[in-house]
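These notes concern the structure reproduced below.
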Amino acid sequence: MIDARNVRKTFGSFAALNDVSLNIAEGELVALLGPSGSGKTTLLRILGGLEFPDSGSVLFDGGDATLVSARDRHVGFVFQHYALFRHMTVFDNVAFGLKVRSRKERPSKAEIAERVHHLLSMVQLDGLALRYPSQLSGGQRQRVALARALAIQPRVLLLDEPFGALDAQVRKELRRWLRRLHDELKITGVFVTHDQEEALEVADRVVVMNQGRIEQIGTPTEIYDQPATPFVYQFLGNVNALPCRIRGGQAEIGPLVMPAPSYAGVADAAGVAFVRPHDLLLSRPGEGGGSFAVVRHVSVLGAVVRVELSLGEHIIEAETSRQRHAELELAPGQRVLLWPRQARFFLRDGWEGTTLESREELARTSAML
Amino acid sequence: MTATKSSVIPGFGPTLGYTLFYLGLIVLIPLAALFFRAAGMGWEQFVQAAFAPRVLAAYRLSFGGALLAAMINVVAGLLVAWVLVRYDFPGRKFFDAIVDLPFALPTAVAGIALTAIYAPNGWVGQFLKPLGIKVAFTPLGVVVAMVFIGLPFVVRTVQPVLQDLEVEHEEVAVSLGAGRWQIFRMIILPAVFPALVTGFALAFARALGEYGSVIFIAGNMPGVSEIAPLLIVTKLEQYDYAGATAIAVVMLVASFILLLVINTLQKWHSNRLGAV
Amino acid sequence: MAIAVEISAARRRSRAVSETLWVKGLLTALGVAILGLFLLLPLATVFGEAFSKGADAYFAALVDDDALAAIRLTLLVAVIAVPLNVVFGAVASWCIAKFDFRAKSLLITLIDIPFSVSPVISGLIYVLLFGLQGWFGPWLRDHDIKLIFAVPGIVLATVFVTFPFVARELIPLMESQGTEEEEAAVVLGASGWRIFWTVTVPNIKWGLLYGVLLCNARAMGEFGAVSVVSGHVRGVTNTMPLHVEILYNEYNYMAAFAVASLLALLALVTLAAKALLVWRFSREIAADARQ
């Protein structure tokens, strides 16, 4: 449906998008996830025709749309701060896209009114048609913006940080509501977010972006369970990044030695091991395998217990259940056995798609851990 | 009068006292004197002095000229503000600074300069003369001077509003299929409209009372190109204090009504457009 | 940070929401033409006419006795009127910005009145009060005090006309700065006078300077109000703008424009100072935002 090919875009000397290719299927809801400055909003604006790529192309349904202006692209665009026309009522806002059509294509007044009221009831704003935007709550404004974008029956709906300006409670509700709406309308949608929870909960597929490049594309499960790069590991969820040595198919994290069969050909290199806190198994000496670690600090966070341990010179964070915590009677100074259920290793040199900054970032987080 | 909210900062009494004293001495008492003087004239004498045919002609020129000039300024001022805010061109900063010239240039200087330009042998006047257009020493000249002094009012009220318009509004309109002209008419113009009206009222009020820049270029023919403020001066020179007072009262009441309108407009403007 | 600024600058007007090049060019040309024809041309005319008979004639016109007297009187009037209104502006804005009281907006409106009064009427009201036929006229004559058609009348009219300038600049500025710093100073034991000089003035100095500049430009350039109360006695009650008028009416155009060129220069200096202050201001504002 939408096909972006080798898109590049620079602002001055800043490369906002660096050779980005992306394919979005009909009816899919895709999240562009990344930190600020990662190029996700620029990509969205290029898809919407509000920005034009320096090179590369954008295809809609197979036809080249790279230079087609936003006006003729028939996309619905919802801005982070909604950009409602403040001198128009809710009705006029939603009707705008229909009223500006040339006389030939413009529906009659009655048809416009009918369509606007249908949309307003769909976004649960019946009865607010004559209000002005300033008289609405944040969540209501968001839904007006959505109704306005849907009024022109767009081929694709683009949303820039759709929930960014709302408070936490409203955000959660609207998130589920958007998902339901999408399932009902089956419209192709792309939204930008920097909130991993939002991306994982709402989207069919997640595109993780960093520094103008795509780091990984996949379903929420794939992205979370099999991060392709150190960046994705760090950006999604909590992770321990531990310096290690990789020697002949094994990784050594201090005293802990783990198999790393994919690096069988590497004789001796510096690497980093990524382990999620909940993938660390703790057990009493004699009960299981692994290396000895010393408990430094235990904090009980609701259902989860966070344990800070030192493993040789490294400091590691583990998460365990309340029940396991009670069984082990964890306390500072205690020696426990530590074994990663799952870990992933990356060589220090030749990280694909990872640039200097994230390496520094990595060094800093591992120092912190 | 006391401060309604108790404040720990000292000096409320003395500063309010001095403010009221100085305001009363310089502004309020002298202005009140004008109205007392007019009230002492008696109704018939007042009407005779304030609405004589020659005076009526002067009002017509002052109000009509100011109205026309303010309308020209709305168009020209919007255009200038638009260009200064939206486009980048060499010398933009210089032109932006020069907009305030009519505020800073003494009116008499502006008056003689405009006259020199638009006189039949002047820099511009010599080109208009063959076309049969006479500017200096005609009502048209009055309008030219009024446009000059009113222009910055419109530019400076519209400029910040144009500056603060969010580009997202236009982007969303484009994505909904609107053309450039539709966006201007349906999105931009309604947003700057209150500022335009305020600028219009300010320019009109200023042009109505203007004296220095107008009298040189006007030619001051009674009944044709004589503005109301000049008539006040003429009456004074003839020691016709009553006549001068009557005209002044009419002009002053008009200014106060305008002031009221401007204040109301500004309140309406800021109330209606709550932050979104 | 610098990068983010660059992006937003580039993004402000992407090609998607701008006019085509020829529309841009046409509008820009029109805007520049309006400014050139209505503002620049008169300015150029003043200097062009002033030097139309060469530099010698120009300077001769300026050192003429009556011209020098007019310059002296103009300076004198400004030296009296501007400080009076600066004091008033500071006092009034302190009172309005730092305290809450009823009828505050009425007070602000009253302070604005001189802006909306025709300059001619501004002069007239003093003639009606202090002129020979005025309320205090006979009493003043009996005591041999001459206000109208004399220097004091000119000063009074000038004070009236320039009355709101400083207050108008300071009130919004001081209101935007709130009262926290002054309250902190009170808690630390400072007197009101000391708070004003060491806390408030440093915060408003650029706005104050701008207000003084505008006030001064108007005080030196006022024509209508001063014309009504002056009596036009050459060398005695003629300010520079009035002298320009007299020379012009005597068909001594070159000399009129020579004196006018000094006033135009004053206007240019005022505009340049304003541009400089805005530049200073925006840097200080940016510095504040960074903190």
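Residues are referred to by chain and number: the chain letter is A, B, ... according to the order shown in the structure tokens, the number counts from 1 in that chain, and ligands are numbered separately from 1 in the order shown.
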Contact residues (chain A, partner chain C, 12 Å, only C-alpha atoms) as a list of chain:residue names: A:Lys9, A:Thr10, A:Phe11, A:Gly12, A:Ser13, A:Phe14, A:Ala15, A:Ala16, A:Ser36, A:Gly37, A:Ser38, A:Gly39, A:Thr41, A:Thr42, A:Arg45, A:Ile46, A:Gly48, A:Gly49, A:Leu50, A:Glu51, A:Phe52, A:Pro53, A:Leu67, A:Val68, A:Ser69, A:Ala70, A:Arg71, A:Asp72, A:Arg73
Can I get the selected residues back with N, CA and C atoms, as a compact mmCIF listing (two decimals), in the first residue's frame?
```txt
# COMPACT_ATOMS: atom_id res chain seq x y z
N LYS A 9 16.75 12.56 3.77
CA LYS A 9 16.33 13.94 3.97
C LYS A 9 17.31 14.60 4.93
N THR A 10 17.84 15.75 4.53
CA THR A 10 18.72 16.49 5.44
C THR A 10 18.16 17.89 5.65
N PHE A 11 18.35 18.39 6.88
CA PHE A 11 18.03 19.78 7.18
C PHE A 11 19.35 20.46 7.48
N GLY A 12 19.80 21.33 6.56
CA GLY A 12 21.12 21.92 6.76
C GLY A 12 22.15 20.81 6.75
N SER A 13 22.90 20.68 7.83
CA SER A 13 23.93 19.65 7.87
C SER A 13 23.45 18.42 8.64
N PHE A 14 22.18 18.46 9.05
CA PHE A 14 21.67 17.38 9.90
C PHE A 14 20.92 16.36 9.05
N ALA A 15 21.38 15.11 9.09
CA ALA A 15 20.72 14.07 8.32
C ALA A 15 19.56 13.52 9.13
N ALA A 16 18.34 13.93 8.76
CA ALA A 16 17.17 13.49 9.51
C ALA A 16 16.79 12.06 9.11
N SER A 36 13.66 11.31 20.39
CA SER A 36 13.53 12.54 19.60
C SER A 36 14.79 12.71 18.76
N GLY A 37 14.60 13.21 17.54
CA GLY A 37 15.73 13.37 16.64
C GLY A 37 16.03 12.11 15.85
N SER A 38 15.21 11.08 15.99
CA SER A 38 15.50 9.83 15.30
C SER A 38 14.98 9.85 13.87
N GLY A 39 14.20 10.86 13.52
CA GLY A 39 13.72 10.98 12.15
C GLY A 39 12.31 10.45 11.96
N THR A 41 9.34 11.58 12.96
CA THR A 41 8.35 12.58 12.53
C THR A 41 8.62 13.03 11.11
N THR A 42 9.90 13.17 10.75
CA THR A 42 10.24 13.54 9.37
C THR A 42 9.71 12.50 8.39
N ARG A 45 6.03 12.93 8.04
CA ARG A 45 5.69 14.12 7.24
C ARG A 45 5.96 13.88 5.76
N ILE A 46 6.97 13.08 5.46
CA ILE A 46 7.25 12.76 4.06
C ILE A 46 6.14 11.86 3.51
N GLY A 48 3.17 11.97 4.44
CA GLY A 48 1.98 12.81 4.33
C GLY A 48 2.10 13.90 3.28
N GLY A 49 3.27 14.05 2.67
CA GLY A 49 3.44 15.07 1.65
C GLY A 49 3.67 16.47 2.21
N LEU A 50 4.00 16.56 3.50
CA LEU A 50 4.28 17.87 4.09
C LEU A 50 5.76 18.21 3.97
N GLU A 51 6.54 17.19 3.63
CA GLU A 51 7.97 17.37 3.45
C GLU A 51 8.32 16.52 2.23
N PHE A 52 9.36 16.92 1.52
CA PHE A 52 9.73 16.13 0.35
C PHE A 52 11.15 15.59 0.50
N PRO A 53 11.37 14.32 0.15
CA PRO A 53 12.69 13.74 0.36
C PRO A 53 13.73 14.34 -0.59
N LEU A 67 6.36 13.34 -5.31
CA LEU A 67 6.24 14.78 -5.45
C LEU A 67 4.79 15.26 -5.44
N VAL A 68 3.87 14.33 -5.16
CA VAL A 68 2.46 14.73 -5.07
C VAL A 68 2.28 15.55 -3.80
N SER A 69 1.64 16.71 -3.91
CA SER A 69 1.51 17.57 -2.73
C SER A 69 0.50 16.98 -1.76
N ALA A 70 0.61 17.42 -0.53
CA ALA A 70 -0.27 16.93 0.52
C ALA A 70 -1.73 17.12 0.12
N ARG A 71 -1.96 18.20 -0.62
CA ARG A 71 -3.33 18.53 -1.01
C ARG A 71 -3.98 17.43 -1.83
N ASP A 72 -3.17 16.77 -2.68
CA ASP A 72 -3.74 15.79 -3.59
C ASP A 72 -3.46 14.36 -3.15
N ARG A 73 -2.93 14.19 -1.95
CA ARG A 73 -2.49 12.86 -1.55
C ARG A 73 -3.58 12.05 -0.85
```
Range 120-132 of chain A environment, 9 Å, only C-alpha atoms, sequence neighbours closer than 5 positions dropped, as JSON, numbers by chain: {"A": [85, 86, 87, 88, 89, 90, 91, 92, 94, 115, 140, 143, 144, 146, 147, 181]}
Deliver the residues from the most recent selection as a file, using N, CA and C atoms, as a PDB file, in the first residue's frame.
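Resulting contents of again-v8.pdb:
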```
ATOM      1  N   PHE A  85      -8.787  24.283  14.101  1.00  0.00           N
ATOM      2  CA  PHE A  85      -8.998  25.692  13.732  1.00  0.00           C
ATOM      3  C   PHE A  85      -9.813  26.335  14.838  1.00  0.00           C
ATOM      4  N   ARG A  86      -9.188  27.266  15.566  1.00  0.00           N
ATOM      5  CA  ARG A  86      -9.836  27.697  16.807  1.00  0.00           C
ATOM      6  C   ARG A  86     -10.990  28.657  16.579  1.00  0.00           C
ATOM      7  N   HIS A  87     -11.073  29.225  15.375  1.00  0.00           N
ATOM      8  CA  HIS A  87     -12.195  30.127  15.116  1.00  0.00           C
ATOM      9  C   HIS A  87     -13.374  29.392  14.490  1.00  0.00           C
ATOM     10  N   MET A  88     -13.260  28.064  14.372  1.00  0.00           N
ATOM     11  CA  MET A  88     -14.363  27.297  13.799  1.00  0.00           C
ATOM     12  C   MET A  88     -14.941  26.362  14.860  1.00  0.00           C
ATOM     13  N   THR A  89     -16.222  26.082  14.726  1.00  0.00           N
ATOM     14  CA  THR A  89     -16.839  25.126  15.645  1.00  0.00           C
ATOM     15  C   THR A  89     -16.327  23.724  15.313  1.00  0.00           C
ATOM     16  N   VAL A  90     -16.662  22.791  16.202  1.00  0.00           N
ATOM     17  CA  VAL A  90     -16.301  21.401  15.970  1.00  0.00           C
ATOM     18  C   VAL A  90     -16.846  20.942  14.615  1.00  0.00           C
ATOM     19  N   PHE A  91     -18.108  21.317  14.346  1.00  0.00           N
ATOM     20  CA  PHE A  91     -18.728  20.941  13.082  1.00  0.00           C
ATOM     21  C   PHE A  91     -17.914  21.461  11.900  1.00  0.00           C
ATOM     22  N   ASP A  92     -17.587  22.752  11.934  1.00  0.00           N
ATOM     23  CA  ASP A  92     -16.867  23.354  10.808  1.00  0.00           C
ATOM     24  C   ASP A  92     -15.471  22.774  10.657  1.00  0.00           C
ATOM     25  N   VAL A  94     -14.605  19.672  11.311  1.00  0.00           N
ATOM     26  CA  VAL A  94     -14.717  18.351  10.693  1.00  0.00           C
ATOM     27  C   VAL A  94     -15.144  18.487   9.224  1.00  0.00           C
ATOM     28  N   ARG A 115     -22.578  13.503   6.988  1.00  0.00           N
ATOM     29  CA  ARG A 115     -21.316  12.815   7.169  1.00  0.00           C
ATOM     30  C   ARG A 115     -20.610  13.292   8.455  1.00  0.00           C
ATOM     31  N   GLN A 140     -11.155  15.237  24.045  1.00  0.00           N
ATOM     32  CA  GLN A 140     -12.183  15.570  23.054  1.00  0.00           C
ATOM     33  C   GLN A 140     -11.561  16.229  21.831  1.00  0.00           C
ATOM     34  N   ARG A 143     -10.092  13.732  19.570  1.00  0.00           N
ATOM     35  CA  ARG A 143     -11.058  12.986  18.764  1.00  0.00           C
ATOM     36  C   ARG A 143     -11.643  13.841  17.643  1.00  0.00           C
ATOM     37  N   VAL A 144     -11.762  15.173  17.894  1.00  0.00           N
ATOM     38  CA  VAL A 144     -12.194  16.055  16.805  1.00  0.00           C
ATOM     39  C   VAL A 144     -11.164  16.023  15.683  1.00  0.00           C
ATOM     40  N   LEU A 146      -9.189  13.698  14.916  1.00  0.00           N
ATOM     41  CA  LEU A 146      -9.284  12.409  14.240  1.00  0.00           C
ATOM     42  C   LEU A 146     -10.476  12.399  13.280  1.00  0.00           C
ATOM     43  N   ALA A 147     -11.619  12.901  13.768  1.00  0.00           N
ATOM     44  CA  ALA A 147     -12.811  12.942  12.927  1.00  0.00           C
ATOM     45  C   ALA A 147     -12.567  13.817  11.709  1.00  0.00           C
ATOM     46  N   LEU A 181     -11.108   1.396  17.015  1.00  0.00           N
ATOM     47  CA  LEU A 181     -11.561   2.146  15.841  1.00  0.00           C
ATOM     48  C   LEU A 181     -10.866   1.619  14.591  1.00  0.00           C
TER      49      LEU A 181
END
```
Could you work out which residues of chain B fall inside 10 Å of chain A? Count only C-alpha atoms, and format the result as a CSV table (one decimal) with N, CA, C and O atoms, in the first residue's frame.
```csv
chain,number,residue,atom,x,y,z
B,166,GLU,N,0.3,29.1,13.9
B,166,GLU,CA,1.0,27.8,13.8
B,166,GLU,C,1.0,27.3,12.5
B,166,GLU,O,-0.1,27.2,11.8
B,167,VAL,N,2.1,26.8,12.0
B,167,VAL,CA,2.2,26.3,10.7
B,167,VAL,C,1.4,25.0,10.5
B,167,VAL,O,0.9,24.7,9.5
B,168,GLU,N,1.2,24.3,11.6
B,168,GLU,CA,0.3,23.1,11.6
B,168,GLU,C,-1.1,23.3,11.1
B,168,GLU,O,-1.6,22.5,10.4
B,169,HIS,N,-1.6,24.5,11.4
B,169,HIS,CA,-3.0,24.8,10.9
B,169,HIS,C,-3.0,24.8,9.4
B,169,HIS,O,-4.0,24.3,8.8
B,170,GLU,N,-2.0,25.3,8.8
B,170,GLU,CA,-1.9,25.4,7.3
B,170,GLU,C,-1.6,24.0,6.8
B,170,GLU,O,-2.2,23.6,5.8
B,171,GLU,N,-0.8,23.2,7.5
B,171,GLU,CA,-0.4,21.9,7.0
B,171,GLU,C,-1.6,21.0,7.1
B,171,GLU,O,-1.9,20.2,6.2
B,172,VAL,N,-2.4,21.1,8.2
B,172,VAL,CA,-3.6,20.2,8.3
B,172,VAL,C,-4.6,20.6,7.2
B,172,VAL,O,-5.2,19.7,6.5
B,173,ALA,N,-4.7,21.9,6.9
B,173,ALA,CA,-5.6,22.3,5.8
B,173,ALA,C,-5.2,21.8,4.5
B,173,ALA,O,-6.0,21.4,3.7
B,174,VAL,N,-3.8,21.8,4.2
B,174,VAL,CA,-3.3,21.3,2.9
B,174,VAL,C,-3.7,19.8,2.8
B,174,VAL,O,-4.2,19.3,1.8
B,175,SER,N,-3.4,19.1,3.9
B,175,SER,CA,-3.7,17.6,3.9
B,175,SER,C,-5.2,17.3,3.7
B,175,SER,O,-5.5,16.2,3.3
B,176,LEU,N,-6.0,18.3,4.1
B,176,LEU,CA,-7.5,18.1,3.9
B,176,LEU,C,-7.9,18.5,2.5
B,176,LEU,O,-9.1,18.6,2.2
B,177,GLY,N,-6.9,19.0,1.7
B,177,GLY,CA,-7.2,19.3,0.3
B,177,GLY,C,-7.4,20.8,0.0
B,177,GLY,O,-7.9,21.1,-1.1
B,178,ALA,N,-7.1,21.7,0.9
B,178,ALA,CA,-7.4,23.1,0.7
B,178,ALA,C,-6.2,23.7,-0.2
B,178,ALA,O,-5.1,23.3,0.0
B,179,GLY,N,-6.6,24.6,-1.0
B,179,GLY,CA,-5.6,25.3,-1.8
B,179,GLY,C,-5.0,26.5,-1.1
B,179,GLY,O,-5.5,26.9,0.0
B,180,ARG,N,-4.0,27.2,-1.6
B,180,ARG,CA,-3.3,28.3,-1.0
B,180,ARG,C,-4.3,29.4,-0.7
B,180,ARG,O,-4.3,30.0,0.4
B,182,GLN,N,-7.6,29.2,-0.5
B,182,GLN,CA,-8.6,28.8,0.4
B,182,GLN,C,-8.0,28.9,1.9
B,182,GLN,O,-8.7,29.3,2.8
B,183,ILE,N,-6.8,28.5,2.0
B,183,ILE,CA,-6.1,28.6,3.3
B,183,ILE,C,-6.1,30.0,3.8
B,183,ILE,O,-6.4,30.3,5.0
B,186,MET,N,-9.8,31.1,4.6
B,186,MET,CA,-10.5,30.4,5.6
B,186,MET,C,-9.8,30.2,6.9
B,186,MET,O,-10.4,30.0,7.9
B,187,ILE,N,-8.4,30.2,6.8
B,187,ILE,CA,-7.7,29.9,8.0
B,187,ILE,C,-6.9,31.2,8.5
B,187,ILE,O,-7.0,31.6,9.7
B,188,ILE,N,-6.2,31.8,7.6
B,188,ILE,CA,-5.3,32.9,8.0
B,188,ILE,C,-6.1,34.2,8.3
B,188,ILE,O,-5.9,34.8,9.3
B,190,PRO,N,-9.3,34.8,9.0
B,190,PRO,CA,-10.1,34.8,10.3
B,190,PRO,C,-9.2,35.0,11.5
B,190,PRO,O,-9.6,35.6,12.4
B,191,ALA,N,-8.0,34.4,11.4
B,191,ALA,CA,-7.1,34.5,12.6
B,191,ALA,C,-6.6,35.9,12.8
B,191,ALA,O,-6.4,36.4,13.9
B,272,ARG,N,-12.2,35.6,22.8
B,272,ARG,CA,-12.8,34.7,21.9
B,272,ARG,C,-11.8,33.5,21.5
B,272,ARG,O,-12.2,32.4,21.4
B,273,LEU,N,-10.6,33.9,21.4
B,273,LEU,CA,-9.6,32.9,21.0
B,273,LEU,C,-8.8,32.4,22.2
B,273,LEU,O,-7.7,32.8,22.4
B,274,GLY,N,-9.5,31.6,23.0
B,274,GLY,CA,-8.8,31.0,24.1
B,274,GLY,C,-7.7,30.1,23.6
B,274,GLY,O,-7.8,29.7,22.4
B,275,ALA,N,-6.7,29.9,24.4
B,275,ALA,CA,-5.6,29.0,23.9
B,275,ALA,C,-6.1,27.6,23.6
B,275,ALA,O,-6.9,27.1,24.3
B,276,VAL,N,-5.7,27.1,22.5
B,276,VAL,CA,-6.1,25.7,22.2
B,276,VAL,C,-4.8,24.8,22.2
B,276,VAL,O,-3.9,25.1,21.6
```
Distance criterion (only C-alpha atoms): nearest to chain C out of B:Ile215, B:Ile72, B:Leu114, B:Ala195: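 The shortest atom-to-atom distance to chain C comes from B:Leu114.
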Range 150-287 of chain A: residues DSSP assigns to strand (DSSP E or B), reported as a ChimeraX atom specification: /A:156-160,188-193,205-210,213-218,240-247,250-253,256-259,269-275,280-283
